[in-house]
>>> print(open('query-v3.csv').read())   # CSV, C-alpha atoms
chain,number,residue,atom,x,y,z
A,8,MET,CA,186.5,-181.0,-24.5
A,9,PHE,CA,183.3,-179.1,-23.8
A,10,ASP,CA,184.6,-178.3,-20.3
A,11,ALA,CA,187.7,-176.8,-21.9
A,12,VAL,CA,185.7,-174.8,-24.3
A,13,ASP,CA,183.5,-173.5,-21.6
A,14,SER,CA,186.5,-172.6,-19.5
A,15,PHE,CA,188.1,-170.8,-22.4
A,16,LEU,CA,184.9,-168.8,-23.1
A,17,GLY,CA,184.6,-168.0,-19.4
A,18,HIS,CA,188.1,-166.6,-19.2
A,19,LEU,CA,187.5,-164.7,-22.5
A,20,ILE,CA,184.2,-163.1,-21.5
A,21,PHE,CA,185.1,-162.3,-17.9
A,22,GLY,CA,188.5,-161.1,-18.9
A,23,THR,CA,187.0,-158.7,-21.5
A,24,VAL,CA,184.6,-157.3,-19.0
A,25,ILE,CA,187.4,-156.8,-16.5
A,26,GLY,CA,189.6,-155.2,-19.2
A,27,VAL,CA,186.9,-152.7,-20.2
A,28,ALA,CA,186.3,-151.9,-16.5
A,29,ILE,CA,190.0,-151.2,-15.9
A,30,THR,CA,190.1,-149.0,-19.1
A,31,THR,CA,187.1,-147.1,-18.0
A,32,ALA,CA,188.8,-146.3,-14.6
A,33,ALA,CA,192.0,-145.3,-16.5
A,34,ASN,CA,190.0,-143.1,-18.9
A,35,LEU,CA,188.2,-141.4,-16.0
A,36,ALA,CA,191.5,-140.7,-14.2
A,37,THR,CA,193.0,-139.4,-17.4
A,38,THR,CA,190.3,-137.0,-18.4
A,39,VAL,CA,189.3,-135.8,-14.9
A,40,PHE,CA,192.6,-135.7,-13.2
A,41,LEU,CA,195.4,-135.4,-15.8
A,42,HIS,CA,193.5,-133.5,-18.4
A,43,ARG,CA,190.8,-131.2,-16.9
A,44,GLY,CA,192.5,-130.9,-13.5
A,45,LEU,CA,196.3,-130.8,-13.8
A,46,SER,CA,196.7,-129.7,-17.5
A,47,HIS,CA,194.0,-127.0,-17.6
A,48,ARG,CA,193.5,-126.3,-13.9
A,49,ALA,CA,189.7,-126.5,-14.4
A,50,ILE,CA,189.4,-128.6,-11.2
A,51,THR,CA,191.3,-128.7,-7.9
A,52,PHE,CA,191.4,-131.9,-5.8
A,53,SER,CA,191.6,-132.9,-2.2
A,54,SER,CA,194.7,-134.8,-1.1
A,55,PRO,CA,192.9,-138.2,-1.0
A,56,ALA,CA,191.5,-137.7,-4.5
A,57,ARG,CA,194.9,-136.8,-5.9
A,58,TRP,CA,196.4,-139.9,-4.4
A,59,ALA,CA,193.6,-142.1,-5.6
A,60,PHE,CA,193.8,-140.8,-9.2
A,61,THR,CA,197.6,-141.0,-9.2
A,62,VAL,CA,197.6,-144.6,-7.9
A,63,VAL,CA,195.0,-145.7,-10.5
A,64,LEU,CA,197.0,-144.2,-13.3
A,65,TRP,CA,200.3,-145.7,-12.0
A,66,LEU,CA,198.7,-149.2,-11.7
A,67,THR,CA,196.8,-149.1,-15.0
A,68,THR,CA,199.0,-147.0,-17.4
A,69,GLY,CA,202.4,-146.3,-15.8
A,70,ILE,CA,201.9,-142.7,-17.0
A,71,ARG,CA,204.3,-140.1,-15.4
A,72,VAL,CA,202.0,-137.2,-14.5
A,73,ARG,CA,204.4,-134.4,-15.4
A,74,GLN,CA,205.1,-135.9,-18.8
A,75,TRP,CA,201.5,-136.3,-19.8
A,76,VAL,CA,200.7,-132.7,-18.7
A,77,ALA,CA,203.6,-131.3,-20.6
A,78,VAL,CA,202.8,-133.1,-23.9
A,79,HIS,CA,199.1,-132.1,-23.7
A,80,ARG,CA,199.9,-128.4,-22.9
A,81,LYS,CA,202.3,-128.4,-25.8
A,82,HIS,CA,199.5,-129.7,-28.0
A,83,HIS,CA,197.3,-126.8,-27.0
A,84,ALA,CA,200.1,-124.3,-27.5
A,85,HIS,CA,200.8,-125.5,-31.0
A,86,THR,CA,197.6,-127.2,-32.2
A,87,ASP,CA,197.9,-128.8,-35.6
A,88,THR,CA,201.2,-127.1,-36.5
A,89,VAL,CA,204.6,-128.8,-37.0
A,90,ASP,CA,205.3,-128.2,-33.3
A,91,ASP,CA,202.2,-130.2,-32.2
A,92,PRO,CA,203.4,-133.5,-30.8
A,93,HIS,CA,200.7,-135.5,-32.6
A,94,SER,CA,198.9,-133.5,-35.3
A,95,PRO,CA,196.9,-135.3,-38.0
A,96,ALA,CA,197.0,-132.1,-40.1
A,97,VAL,CA,200.8,-132.6,-40.3
A,98,HIS,CA,201.2,-136.4,-40.3
A,99,GLY,CA,197.7,-137.6,-41.5
A,100,TRP,CA,195.1,-139.0,-39.2
A,101,TRP,CA,195.9,-142.6,-39.9
A,102,GLN,CA,199.6,-142.2,-39.0
A,103,VAL,CA,198.6,-140.5,-35.8
A,104,GLN,CA,196.2,-143.3,-35.0
A,105,LEU,CA,198.9,-145.9,-35.6
A,106,ARG,CA,201.8,-144.1,-34.1
A,107,ASN,CA,200.3,-141.9,-31.4
A,108,TYR,CA,201.9,-143.8,-28.6
A,109,ALA,CA,205.4,-143.4,-30.2
A,110,MET,CA,204.7,-139.7,-30.8
A,111,TYR,CA,203.7,-139.3,-27.2
A,112,ARG,CA,206.8,-141.1,-25.9
A,113,ARG,CA,209.1,-139.0,-28.0
A,114,ALA,CA,207.6,-135.7,-26.7
A,115,ALA,CA,207.3,-137.0,-23.1
A,116,ARG,CA,211.0,-138.0,-23.0
A,117,ASP,CA,212.1,-134.6,-24.2
A,118,THR,CA,213.2,-133.0,-20.9
A,119,THR,CA,212.9,-129.5,-22.4
A,120,ASN,CA,209.1,-130.1,-23.0
A,121,VAL,CA,208.6,-131.1,-19.3
A,122,ALA,CA,210.7,-128.2,-18.0
A,123,ARG,CA,208.8,-125.7,-20.1
A,124,TYR,CA,205.2,-127.0,-20.0
A,125,ALA,CA,205.1,-128.7,-16.6
A,126,ARG,CA,207.3,-126.5,-14.4
A,127,ASP,CA,204.4,-126.2,-11.9
A,128,LEU,CA,204.5,-129.9,-11.2
A,129,PRO,CA,208.0,-130.6,-9.7
A,130,PRO,CA,208.6,-134.3,-8.8
A,131,THR,CA,207.6,-135.2,-5.3
A,132,ARG,CA,209.2,-137.7,-2.9
A,133,ALA,CA,206.4,-140.1,-3.8
A,134,ASP,CA,207.1,-139.6,-7.5
A,135,ARG,CA,210.8,-140.5,-7.0
A,136,ILE,CA,210.1,-143.5,-4.9
A,137,LEU,CA,207.0,-144.9,-6.7
A,138,PHE,CA,205.2,-143.0,-9.4
A,139,ASP,CA,208.1,-142.3,-11.7
A,140,HIS,CA,208.7,-146.0,-12.0
A,141,ALA,CA,206.3,-147.0,-14.7
A,142,LEU,CA,207.2,-150.7,-15.0
A,143,LEU,CA,206.9,-151.1,-11.2
A,144,GLY,CA,203.4,-149.7,-11.3
A,145,LEU,CA,202.3,-151.8,-14.2
A,146,GLY,CA,203.8,-154.9,-12.6
A,147,CYS,CA,202.0,-154.2,-9.4
A,148,GLY,CA,198.8,-153.7,-11.3
A,149,ILE,CA,199.2,-157.0,-13.1
A,150,ALA,CA,200.1,-158.8,-9.9
A,151,ILE,CA,197.0,-157.5,-8.2
A,152,LEU,CA,194.9,-158.6,-11.2
A,153,VAL,CA,196.3,-162.1,-11.2
A,154,MET,CA,195.7,-162.5,-7.4
A,155,LEU,CA,192.1,-161.4,-7.9
A,156,VAL,CA,191.0,-163.3,-11.0
A,157,GLY,CA,193.7,-165.7,-11.9
A,158,PRO,CA,196.4,-165.7,-14.6
A,159,TRP,CA,194.2,-166.6,-17.6
A,160,THR,CA,191.5,-164.1,-17.0
A,161,ALA,CA,194.1,-161.5,-16.0
A,162,ALA,CA,195.9,-162.1,-19.3
A,163,VAL,CA,192.8,-161.5,-21.3
A,164,ALA,CA,191.9,-158.4,-19.3
A,165,ALA,CA,195.4,-157.0,-19.7
A,166,VAL,CA,195.3,-157.5,-23.5
A,167,VAL,CA,191.9,-155.8,-23.8
A,168,HIS,CA,192.9,-152.9,-21.5
A,169,ILE,CA,196.2,-152.2,-23.3
A,170,ASN,CA,194.6,-152.2,-26.8
A,171,TYR,CA,191.5,-150.3,-25.7
A,172,TYR,CA,193.3,-147.6,-23.8
A,173,ILE,CA,196.0,-146.9,-26.4
A,174,ALA,CA,193.6,-147.1,-29.4
A,175,ALA,CA,191.0,-144.8,-27.8
A,176,SER,CA,193.6,-142.3,-26.7
A,177,SER,CA,195.1,-142.3,-30.2
A,178,ALA,CA,191.6,-141.8,-31.7
A,179,VAL,CA,191.1,-138.6,-29.7
A,180,ASN,CA,194.2,-137.1,-31.2
A,181,ALA,CA,193.8,-138.6,-34.7
A,182,ILE,CA,190.1,-139.0,-35.5
A,183,GLY,CA,189.2,-136.2,-33.1
A,184,HIS,CA,191.1,-133.7,-35.2
A,185,HIS,CA,189.7,-135.0,-38.6
A,186,PHE,CA,186.2,-136.5,-38.6
A,187,GLY,CA,183.2,-135.2,-36.8
A,188,ARG,CA,181.2,-132.0,-36.1
A,189,ARG,CA,182.8,-128.6,-35.6
A,190,PRO,CA,180.3,-126.4,-33.8
A,191,TYR,CA,183.1,-124.1,-32.8
A,192,ALA,CA,185.8,-122.7,-35.2
A,193,ASN,CA,188.7,-124.8,-34.3
A,194,SER,CA,190.4,-127.9,-35.9
A,195,ALA,CA,189.2,-130.4,-33.3
A,196,THR,CA,185.9,-132.3,-33.8
A,197,ASN,CA,183.0,-133.8,-31.7
A,198,LEU,CA,182.2,-137.5,-31.9
A,199,GLN,CA,179.8,-138.7,-29.3
A,200,TRP,CA,180.6,-142.4,-29.8
A,201,LEU,CA,184.3,-141.6,-29.1
A,202,ALA,CA,183.2,-139.6,-26.1
A,203,LEU,CA,181.4,-142.6,-24.7
A,204,LEU,CA,184.6,-144.7,-25.2
A,205,THR,CA,186.9,-142.1,-23.5
A,206,ALA,CA,184.8,-140.7,-20.7
A,207,GLY,CA,184.1,-137.5,-22.6
A,208,GLU,CA,187.3,-136.8,-24.5
A,209,GLY,CA,185.6,-137.3,-27.9
A,210,LEU,CA,183.8,-134.0,-27.4
A,211,HIS,CA,187.1,-132.5,-28.5
A,212,ASN,CA,185.9,-129.5,-30.4
A,213,ASN,CA,184.0,-128.4,-27.3
A,214,HIS,CA,187.2,-128.8,-25.2
A,215,HIS,CA,189.4,-126.8,-27.6
A,216,ALA,CA,186.7,-124.0,-27.6
A,217,ALA,CA,186.6,-123.9,-23.8
A,218,PRO,CA,189.8,-125.5,-22.5
A,219,THR,CA,189.4,-124.2,-18.9
A,220,SER,CA,185.9,-125.6,-18.5
A,221,ALA,CA,185.6,-128.8,-16.5
A,222,LYS,CA,182.5,-129.9,-18.4
A,223,LEU,CA,183.0,-131.1,-22.0
A,224,ALA,CA,179.3,-131.5,-22.9
A,225,HIS,CA,178.0,-128.1,-24.1
A,226,ARG,CA,174.6,-129.3,-25.4
A,227,TRP,CA,171.7,-131.2,-23.8
A,228,TYR,CA,172.2,-134.2,-26.0
A,229,GLU,CA,175.9,-134.6,-25.4
A,230,ILE,CA,177.1,-137.1,-22.8
A,231,ASP,CA,180.3,-136.5,-20.8
A,232,LEU,CA,181.0,-139.4,-18.4
A,233,GLY,CA,183.8,-137.5,-16.8
A,234,TRP,CA,181.4,-134.8,-15.7
A,235,LEU,CA,179.2,-137.5,-14.1
A,236,LEU,CA,182.2,-138.3,-11.8
A,237,ILE,CA,183.2,-134.7,-11.2
A,238,LYS,CA,179.8,-133.6,-9.9
A,239,PRO,CA,179.5,-136.1,-7.0
A,240,MET,CA,183.1,-135.4,-6.2
A,241,THR,CA,182.3,-131.8,-5.7
A,242,TRP,CA,179.3,-132.7,-3.4
A,243,MET,CA,181.7,-134.8,-1.3
A,244,ARG,CA,184.3,-132.0,-1.3
A,245,LEU,CA,186.8,-134.2,-3.0
A,246,ALA,CA,187.0,-131.7,-5.9
A,247,ARG,CA,186.3,-128.1,-6.7
A,248,VAL,CA,185.4,-126.7,-10.1
A,249,ARG,CA,187.2,-123.5,-10.8
A,250,LEU,CA,184.8,-121.8,-13.2
A,251,ASP,CA,181.0,-122.0,-13.3
A,252,GLY,CA,179.4,-122.9,-16.6
A,253,ILE,CA,181.1,-123.0,-20.0
A,254,ARG,CA,183.7,-120.3,-20.8
A,255,VAL,CA,184.3,-120.3,-24.5
A,256,ALA,CA,187.6,-118.7,-25.5
A,257,ALA,CA,187.2,-115.2,-27.1
A,258,ASP,CA,188.8,-116.2,-30.4
A,259,THR,CA,186.6,-119.2,-31.0
>>> encode(input="query-v3.csv", output="structure tokens")
Amino acid sequence: MFDAVDSFLGHLIFGTVIGVAITTAANLATTVFLHRGLSHRAITFSSPARWAFTVVLWLTTGIRVRQWVAVHRKHHAHTDTVDDPHSPAVHGWWQVQLRNYAMYRRAARDTTNVARYARDLPPTRADRILFDHALLGLGCGIAILVMLVGPWTAAVAAVVHINYYIAASSAVNAIGHHFGRRPYANSATNLQWLALLTAGEGLHNNHHAAPTSAKLAHRWYEIDLGWLLIKPMTWMRLARVRLDGIRVAADT
């Protein structure tokens, strides 16, 4: 009996650690590549870096790059209005927290959004063969996980990752437009605890103030984990930051 309990706890603890590690990798790929890089063109990447980020996202989230970029650009074009795909000012923060995934899927599946907001990202041959097939990517990711750590630990890791990634992403759109500090005059907020959970995305007020800046931390006490990845990538010539420093929008 005690052996069974020890085995269960081992799978639970190890699986949780693995799940958090996978979500951290997914969050870094989301904020650095999808968000700061592709959506706002604050960073350009070498071909190996683009491939690495795309594969990580495919295996851990199944996200189609063009769709994510289109939805996010629409959010910035219509922030906290009825045309915003996921505005807590329109729907209430709790509804966005609970239904953000469904709201994202609705906007992502709208081909007019993709055609308008992601026309600079046409599908590639690799997209058509691999990366546009979300279930294939997720299936491959789970298969790799099972081979590495076994089915029970993999199951725990998958549950932790799915819930962590979706809940944290939802919180950026819901809580990050309702609770927190507003050092700049926009509807987004800064929450350092959320930034730690999302590789910097919780510094959302800073981002809306300076959307083309690759660095989301604007003050010495703010921590942006995404920037801690971007800097060594620039040293290794895997990435190039477009603008030096923080460029706050003129109307902020």
>>> residues_near_point(input="query-v3.csv", point="(185.3, -146.6, -29.2)", cutoff="12 Å", atoms="all atoms listed in the file", output="count of residues only")
28
>>> closest_residue(input="query-v3.csv", among="A:Arg57, A:Gly17, A:Leu152, A:Leu41", to="A:Ala246", atoms="all atoms listed in the file")
A:Arg57
>>> residues_around(input="query-v3.csv", residues="A:Gly22", least_positions_apart="4", cutoff="7 Å", atoms="only C-alpha atoms", output="ChimeraX atom specification")
/A:18,26,160-161,163-164
>>> atom_distance(input="query-v3.csv", atom1="atom CA of A:Lys222", atom2="atom CA of A:Arg244")
17.3 Å
>>> atom_distance(input="query-v3.csv", atom1="atom CA of A:Ala133", atom2="atom CA of A:Gly148")
17.3 Å
>>> closest_residue(input="query-v3.csv", among="A:His85, A:Arg132, A:His42, A:Arg73", to="A:Asp117", atoms="all atoms listed in the file")
A:Arg73
>>> atom_distance(input="query-v3.csv", atom1="atom CA of A:Arg43", atom2="atom CA of A:Pro218")
8.1 Å
>>> closest_residue(input="query-v3.csv", among="A:Leu245, A:Arg112, A:Ala150, A:Pro130", to="A:Phe60", atoms="all atoms listed in the file")
A:Leu245
>>> residues_around(input="query-v3.csv", residues="A:His83", least_positions_apart="4", cutoff="10 Å", atoms="only C-alpha atoms", output="ChimeraX atom specification")
/A:46-47,78-79,87,91-92,215,218
>>> closest_residue(input="query-v3.csv", among="A:Gly252, A:Gly146, A:Val39, A:Thr241", to="A:Arg226", atoms="all atoms listed in the file")
A:Gly252
>>> residues_around(input="query-v3.csv", residues="A:Arg71", least_positions_apart="6", cutoff="10 Å", atoms="all atoms listed in the file", output="PyMOL selection string")
chain A and resi 61+64-65+115+130+134+138-141
>>> closest_residue(input="query-v3.csv", among="A:Ile151, A:Leu19, A:Leu236, A:Leu210", to="A:Ala224", atoms="all atoms listed in the file")
A:Leu210
>>> closest_residue(input="query-v3.csv", among="A:Arg254, A:Ser54, A:Ala181, A:Phe186", to="A:Leu105", atoms="all atoms listed in the file")
A:Ala181
>>> residues_around(input="query-v3.csv", residues="A:Ile253", least_positions_apart="3", cutoff="8 Å", atoms="all atoms listed in the file", output="PyMOL selection string")
chain A and resi 217+220+222+225+250
>>> residues_around(input="query-v3.csv", residues="A:Leu45", least_positions_apart="4", cutoff="12 Å", atoms="only C-alpha atoms", output="PyMOL selection string")
chain A and resi 36-41+49-52+57+60-61+72-77+79-80+124-128+219+221
>>> decode(input="query-v3.csv", residues="stretch 99-207 of chain A", atoms="C-alpha atoms", output="mmCIF file, in the first residue's frame")
data_model
loop_
_atom_site.group_PDB
_atom_site.id
_atom_site.type_symbol
_atom_site.label_atom_id
_atom_site.label_comp_id
_atom_site.auth_asym_id
_atom_site.auth_seq_id
_atom_site.Cartn_x
_atom_site.Cartn_y
_atom_site.Cartn_z
ATOM 1 C CA GLY A 99 -16.770 41.303 -17.775
ATOM 2 C CA TRP A 100 -13.424 40.015 -16.555
ATOM 3 C CA TRP A 101 -14.797 36.797 -15.083
ATOM 4 C CA GLN A 102 -16.497 35.839 -18.349
ATOM 5 C CA VAL A 103 -13.260 36.459 -20.263
ATOM 6 C CA GLN A 104 -11.322 34.416 -17.719
ATOM 7 C CA LEU A 105 -13.709 31.490 -18.116
ATOM 8 C CA ARG A 106 -14.402 31.781 -21.851
ATOM 9 C CA ASN A 107 -11.212 33.263 -23.279
ATOM 10 C CA TYR A 108 -10.322 30.058 -25.115
ATOM 11 C CA ALA A 109 -13.724 29.941 -26.806
ATOM 12 C CA MET A 110 -13.479 33.652 -27.671
ATOM 13 C CA TYR A 111 -10.042 33.097 -29.172
ATOM 14 C CA ARG A 112 -11.222 30.115 -31.204
ATOM 15 C CA ARG A 113 -14.178 32.072 -32.598
ATOM 16 C CA ALA A 114 -11.958 34.933 -33.755
ATOM 17 C CA ALA A 115 -9.185 32.623 -34.988
ATOM 18 C CA ARG A 116 -11.563 30.600 -37.159
ATOM 19 C CA ASP A 117 -12.900 33.755 -38.813
ATOM 20 C CA THR A 118 -11.024 33.779 -42.111
ATOM 21 C CA THR A 119 -11.704 37.485 -42.596
ATOM 22 C CA ASN A 120 -9.699 38.250 -39.438
ATOM 23 C CA VAL A 121 -6.751 36.197 -40.658
ATOM 24 C CA ALA A 122 -6.913 37.722 -44.138
ATOM 25 C CA ARG A 123 -6.995 41.262 -42.740
ATOM 26 C CA TYR A 124 -4.655 41.107 -39.767
ATOM 27 C CA ALA A 125 -2.125 38.438 -40.789
ATOM 28 C CA ARG A 126 -1.799 38.973 -44.521
ATOM 29 C CA ASP A 127 1.990 39.292 -44.093
ATOM 30 C CA LEU A 128 2.156 35.680 -42.873
ATOM 31 C CA PRO A 129 0.972 33.509 -45.772
ATOM 32 C CA PRO A 130 0.973 29.764 -45.135
ATOM 33 C CA THR A 131 4.218 28.018 -46.009
ATOM 34 C CA ARG A 132 4.707 24.493 -47.299
ATOM 35 C CA ALA A 133 5.730 23.441 -43.779
ATOM 36 C CA ASP A 134 2.499 24.941 -42.440
ATOM 37 C CA ARG A 135 0.403 22.968 -44.897
ATOM 38 C CA ILE A 136 2.243 19.709 -44.219
ATOM 39 C CA LEU A 137 2.747 20.000 -40.445
ATOM 40 C CA PHE A 138 2.102 23.149 -38.476
ATOM 41 C CA ASP A 139 -1.496 23.789 -39.529
ATOM 42 C CA HIS A 140 -2.454 20.366 -38.138
ATOM 43 C CA ALA A 141 -2.957 21.130 -34.457
ATOM 44 C CA LEU A 142 -4.030 17.672 -33.334
ATOM 45 C CA LEU A 143 -1.034 16.091 -35.041
ATOM 46 C CA GLY A 144 1.309 18.431 -33.183
ATOM 47 C CA LEU A 145 -0.337 17.840 -29.831
ATOM 48 C CA GLY A 146 -0.383 14.100 -30.463
ATOM 49 C CA CYS A 147 3.330 14.101 -31.262
ATOM 50 C CA GLY A 148 4.010 16.165 -28.142
ATOM 51 C CA ILE A 149 2.119 13.726 -25.924
ATOM 52 C CA ALA A 150 3.802 10.728 -27.582
ATOM 53 C CA ILE A 151 7.247 12.210 -26.937
ATOM 54 C CA LEU A 152 6.292 12.916 -23.327
ATOM 55 C CA VAL A 153 5.042 9.351 -22.781
ATOM 56 C CA MET A 154 8.258 7.914 -24.228
ATOM 57 C CA LEU A 155 10.380 10.136 -21.978
ATOM 58 C CA VAL A 156 8.595 9.863 -18.611
ATOM 59 C CA GLY A 157 5.980 7.143 -18.929
ATOM 60 C CA PRO A 158 2.184 7.310 -19.280
ATOM 61 C CA TRP A 159 1.199 8.240 -15.712
ATOM 62 C CA THR A 160 3.685 11.060 -15.254
ATOM 63 C CA ALA A 161 2.905 12.230 -18.793
ATOM 64 C CA ALA A 162 -0.820 12.316 -17.966
ATOM 65 C CA VAL A 163 -0.221 14.496 -14.903
ATOM 66 C CA ALA A 164 2.118 16.773 -16.856
ATOM 67 C CA ALA A 165 -0.425 17.165 -19.664
ATOM 68 C CA VAL A 166 -3.247 18.084 -17.259
ATOM 69 C CA VAL A 167 -1.045 20.614 -15.450
ATOM 70 C CA HIS A 168 0.180 22.138 -18.708
ATOM 71 C CA ILE A 169 -3.248 22.460 -20.339
ATOM 72 C CA ASN A 170 -4.814 24.114 -17.303
ATOM 73 C CA TYR A 171 -1.832 26.357 -16.539
ATOM 74 C CA TYR A 172 -1.377 27.588 -20.118
ATOM 75 C CA ILE A 173 -5.050 28.285 -20.785
ATOM 76 C CA ALA A 174 -5.730 29.854 -17.368
ATOM 77 C CA ALA A 175 -2.644 32.081 -17.490
ATOM 78 C CA SER A 176 -3.307 33.200 -21.064
ATOM 79 C CA SER A 177 -6.901 33.963 -20.131
ATOM 80 C CA ALA A 178 -5.755 35.946 -17.102
ATOM 81 C CA VAL A 179 -3.645 38.268 -19.259
ATOM 82 C CA ASN A 180 -6.749 39.206 -21.270
ATOM 83 C CA ALA A 181 -9.163 39.224 -18.313
ATOM 84 C CA ILE A 182 -7.373 40.226 -15.108
ATOM 85 C CA GLY A 183 -4.743 42.116 -17.110
ATOM 86 C CA HIS A 184 -7.411 44.537 -18.314
ATOM 87 C CA HIS A 185 -9.172 44.945 -14.960
ATOM 88 C CA PHE A 186 -6.987 44.638 -11.847
ATOM 89 C CA GLY A 187 -3.539 46.081 -11.260
ATOM 90 C CA ARG A 188 -1.455 49.215 -11.743
ATOM 91 C CA ARG A 189 -1.878 51.627 -14.641
ATOM 92 C CA PRO A 190 1.276 53.769 -14.855
ATOM 93 C CA TYR A 191 0.331 54.628 -18.441
ATOM 94 C CA ALA A 192 -3.039 55.921 -19.631
ATOM 95 C CA ASN A 193 -4.482 52.801 -21.208
ATOM 96 C CA SER A 194 -7.000 50.159 -20.133
ATOM 97 C CA ALA A 195 -4.474 47.366 -19.548
ATOM 98 C CA THR A 196 -2.807 46.794 -16.174
ATOM 99 C CA ASN A 197 0.499 45.632 -14.710
ATOM 100 C CA LEU A 198 0.575 42.618 -12.366
ATOM 101 C CA GLN A 199 4.059 41.355 -11.529
ATOM 102 C CA TRP A 200 2.839 37.998 -10.202
ATOM 103 C CA LEU A 201 1.039 37.397 -13.497
ATOM 104 C CA ALA A 202 4.156 38.456 -15.396
ATOM 105 C CA LEU A 203 6.141 35.777 -13.562
ATOM 106 C CA LEU A 204 3.569 33.157 -14.539
ATOM 107 C CA THR A 205 3.464 34.233 -18.210
ATOM 108 C CA ALA A 206 7.095 35.106 -19.024
ATOM 109 C CA GLY A 207 6.420 38.845 -18.856
#
